[in-house]
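Accompanying notes for the structure given below.
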Amino acid sequence: MPAAGSTAAEPQTNHWPRNPGMDLDLSWALDTRVNLSAGERRVATLPGRRTVKKDAQAAWLLKAVTCIDLTTLNGDDTTERVKRLCAKAMSPVRQDILDALGMGDRRITTGAVCVYHRFVAAAVEALQHSGIPVAAVSTGFPAGLTPHHLKVKEIEASVADGAKEIDIVITREHVLTGNWQALYEEMKDYRAACGSAHVKAILATGDLKTLRNVARASLVCMMAGADFIKTSTGKEGVNATLLVTLVMLRMIRAYEERTGFKVGYKPAGGISTAKDVLNYQFLMKDELGREWLEPDLFRIGASSLLADIERQLEHHVTGAYSAFNRHPIG
Ligand SMILES: O=C[C@H](O)COP(=O)(O)O
């Protein structure tokens, strides 16, 4: 079958040097402008402008599966639910569907499993030998309003329990009051507490009021050493959108042009259909190139997306849609 972005759909092993960060360049952040109407035009044309059909679409969707941070972040989460989620992450697409796609011998897994700190150890145990990293949402997720020293301790505890990726939430007040120095310092502390674990900076873009704030916060977090910038916790009133994505991708591009370091991108919250995820993939490829279609540089934070992708893949191979309850997630 043709492959998404011209490569096979199974996980890749390309590793980029980690973003070490740089000194805070306040004038770069403050001088950053966003052209709202040009951005709106750009994303409005996207759904109609790019489509892929049949085998090509199946390949793009399998690639998307490898980039999913399969997530459960609910107040009623339990160890059993997390274990079921881990089982799904290891076998995200039914074997009969993979066989019918001619991909039965490929090892396809999700990019990570993403849970609250409480469940990190259980997820690490459930995923042992799978190579799938556990991502923990730490730092008082989702509001990020617990005392700073406790947020740092939470990161350290998640790393001690085996999390290889830490999704931190920034203090929105730093952005809303223009305290970029405080945002930079907070992010640097989080990066240091993560050690060798990769850190994703959740900007909570729905709380930041303006796209200019999104652009500035993206730059400041990258300057402080973020490995990924991520849109949302999934708990804000507005979560991932294509417009916010365009702004953040342009900042990632600017950062790479200035420093040579590639920073990853993670849209999260409300991405629940195969159609949605294809638009994100097209935008990634158009704006940053095909390297950003791989799980090293692209993750999708989602709790229910996988069920729809699996359903679309089943439709592709059988010609019929099955009920959602045939594709349980966890
Ligand atoms: O980071 C991931 C999000 O919390 C998941 O959001 P979702 O439940 O809308 O897919």
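Letters A, B, ... mark the chains of the structure tokens in the order given; residue numbers begin at 1 per chain; ligand numbers begin at 1, in order shown.
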Contact check, chain A to ligand 1, at most 6 Å, counting only C-alpha atoms and all ligand atoms, closest pairs as a tab-separated table:
```
residue	atom	partner	partner_atom_place_in_ligand_line	distance
A:Thr71	CA	ligand 1	2 (C)	5.7
A:Thr233	CA	ligand 1	4 (O)	4.9
A:Gly234	CA	ligand 1	4 (O)	3.8
A:Ala268	CA	ligand 1	1 (O)	4.7
A:Gly269	CA	ligand 1	6 (O)	3.5
A:Gly270	CA	ligand 1	9 (O)	3.7
A:Ile271	CA	ligand 1	10 (O)	5.6
A:Gly301	CA	ligand 1	2 (C)	3.9
A:Ala302	CA	ligand 1	10 (O)	3.4
A:Ser303	CA	ligand 1	10 (O)	3.9
A:Ser304	CA	ligand 1	10 (O)	5.5
```
Within 12 Å of Gln128 (chain A), counting only C-alpha atoms, which residues show up once you throw out same-chain ones fewer than 4 positions away? Write them as a VMD selection string, please.
-> chain A and resid 83 86 to 87 90 121 to 124 132 to 134 162 to 163
Neighbour list for region 16-21 of chain A as a PDB file with C-alpha atoms, in the first residue's frame, cut-off 9 Å, only C-alpha atoms, skip fewer than 3 positions in-chain:
```
ATOM      1  CA  LEU A  24      15.569  34.305  26.912  1.00  0.00           C
ATOM      2  CA  LYS A 188      13.504  25.868  32.701  1.00  0.00           C
ATOM      3  CA  HIS A 198      11.206  14.581  27.359  1.00  0.00           C
ATOM      4  CA  CYS A 221       8.809  27.679  26.161  1.00  0.00           C
ATOM      5  CA  MET A 222      11.091  26.563  23.312  1.00  0.00           C
ATOM      6  CA  MET A 223      13.789  29.015  24.490  1.00  0.00           C
ATOM      7  CA  ALA A 224      13.517  27.358  27.926  1.00  0.00           C
ATOM      8  CA  GLY A 225      14.089  23.913  26.409  1.00  0.00           C
ATOM      9  CA  ALA A 226      10.673  22.393  25.660  1.00  0.00           C
ATOM     10  CA  ASP A 227      10.973  19.227  23.543  1.00  0.00           C
ATOM     11  CA  THR A 259      18.720  27.603  16.486  1.00  0.00           C
ATOM     12  CA  GLY A 260      18.839  24.525  14.241  1.00  0.00           C
ATOM     13  CA  PHE A 261      16.799  22.497  16.766  1.00  0.00           C
ATOM     14  CA  LYS A 262      13.596  20.703  15.868  1.00  0.00           C
ATOM     15  CA  VAL A 263      10.802  20.957  18.427  1.00  0.00           C
ATOM     16  CA  ASP A 296       9.577  11.826  17.336  1.00  0.00           C
ATOM     17  CA  LEU A 297       8.155  15.209  16.350  1.00  0.00           C
TER      18      LEU A 297
END
```
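For region 275-319 of chain A, a DSSP pass over the backbone yields alpha helix (DSSP H) at Lys275, Asp276, Val277, Leu278, Asn279, Tyr280, Gln281, Phe282, Leu283, Met284, Lys285, Asp286, Glu287, Leu288, Leu305, Leu306, Ala307, Asp308, Ile309, Glu310, Arg311, Gln312, Leu313, Glu314, His315, His316, Val317 and Thr318 of chain A.
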File dump, residues just selected, C-alpha atoms, as an mmCIF file, in the first residue's frame:
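Output (result-v4.cif):
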```cif
data_model
loop_
_atom_site.group_PDB
_atom_site.id
_atom_site.type_symbol
_atom_site.label_atom_id
_atom_site.label_comp_id
_atom_site.auth_asym_id
_atom_site.auth_seq_id
_atom_site.Cartn_x
_atom_site.Cartn_y
_atom_site.Cartn_z
ATOM 1 C CA LYS A 275 -11.085 13.398 9.080
ATOM 2 C CA ASP A 276 -9.836 15.777 11.811
ATOM 3 C CA VAL A 277 -6.492 14.076 12.147
ATOM 4 C CA LEU A 278 -5.810 14.059 8.401
ATOM 5 C CA ASN A 279 -6.123 17.851 8.366
ATOM 6 C CA TYR A 280 -3.564 18.119 11.163
ATOM 7 C CA GLN A 281 -1.229 15.790 9.266
ATOM 8 C CA PHE A 282 -1.588 17.801 6.042
ATOM 9 C CA LEU A 283 -0.836 21.028 7.899
ATOM 10 C CA MET A 284 2.218 19.490 9.586
ATOM 11 C CA LYS A 285 3.606 18.260 6.281
ATOM 12 C CA ASP A 286 2.885 21.528 4.446
ATOM 13 C CA GLU A 287 4.334 23.774 7.158
ATOM 14 C CA LEU A 288 7.249 21.746 8.520
ATOM 15 C CA LEU A 305 -9.665 9.225 18.054
ATOM 16 C CA LEU A 306 -8.273 5.699 17.769
ATOM 17 C CA ALA A 307 -11.759 4.153 17.722
ATOM 18 C CA ASP A 308 -12.764 6.240 14.701
ATOM 19 C CA ILE A 309 -9.507 5.547 12.852
ATOM 20 C CA GLU A 310 -9.899 1.802 13.393
ATOM 21 C CA ARG A 311 -13.495 2.034 12.215
ATOM 22 C CA GLN A 312 -12.459 3.888 9.042
ATOM 23 C CA LEU A 313 -9.733 1.329 8.372
ATOM 24 C CA GLU A 314 -12.257 -1.485 8.789
ATOM 25 C CA HIS A 315 -14.547 0.280 6.347
ATOM 26 C CA HIS A 316 -11.652 0.543 3.911
ATOM 27 C CA VAL A 317 -11.035 -3.211 3.956
ATOM 28 C CA THR A 318 -14.630 -4.495 4.274
#
```
Restricting the calculation to only C-alpha atoms, which member of A:Ala160, A:Leu98, A:Leu243, A:Ala56 is positioned closest to Ser37 (chain A)?
->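 The shortest atom-to-atom distance to Ser37 (chain A) comes from A:Leu243.
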Please, what distance in Å, to one decimal, runs between CA of Cys67 (chain A) and CA of Tyr255 (chain A)?
-> 22.2 Å
With only C-alpha atoms as the basis for distance, which of A:Val214, A:Thr110, A:Tyr321, A:Leu70 is at the shortest distance from Ser272 (chain A)?
->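 Of A:Val214, A:Thr110, A:Tyr321, A:Leu70, the one nearest Ser272 (chain A), counting only C-alpha atoms, is A:Leu70.
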6 Å contact set for Asp69 (chain A), only C-alpha atoms, chain neighbours under 3 positions out, as a PyMOL selection string = chain A and resi 111-114+300-301
Selected residue, from A:Tyr190, A:Trp292, A:Tyr265, A:Trp180, that lies nearest to Trp28 (chain A) when counting only C-alpha atoms |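 The answer is A:Trp180, which sits nearest to Trp28 (chain A).
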Interatomic distance (Å, one decimal) between CA of Ala201 (chain A) and CA of Val152 (chain A) |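 Atom-to-atom, CA of Ala201 (chain A) and CA of Val152 (chain A) are spaced 13.8 Å apart.
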Nearest to Lys230 (chain A): which of A:Leu246, A:Ala254, A:Val169, A:Ala320 is it, counting only C-alpha atoms?
->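 Closest residue, counting only C-alpha atoms: A:Val169.
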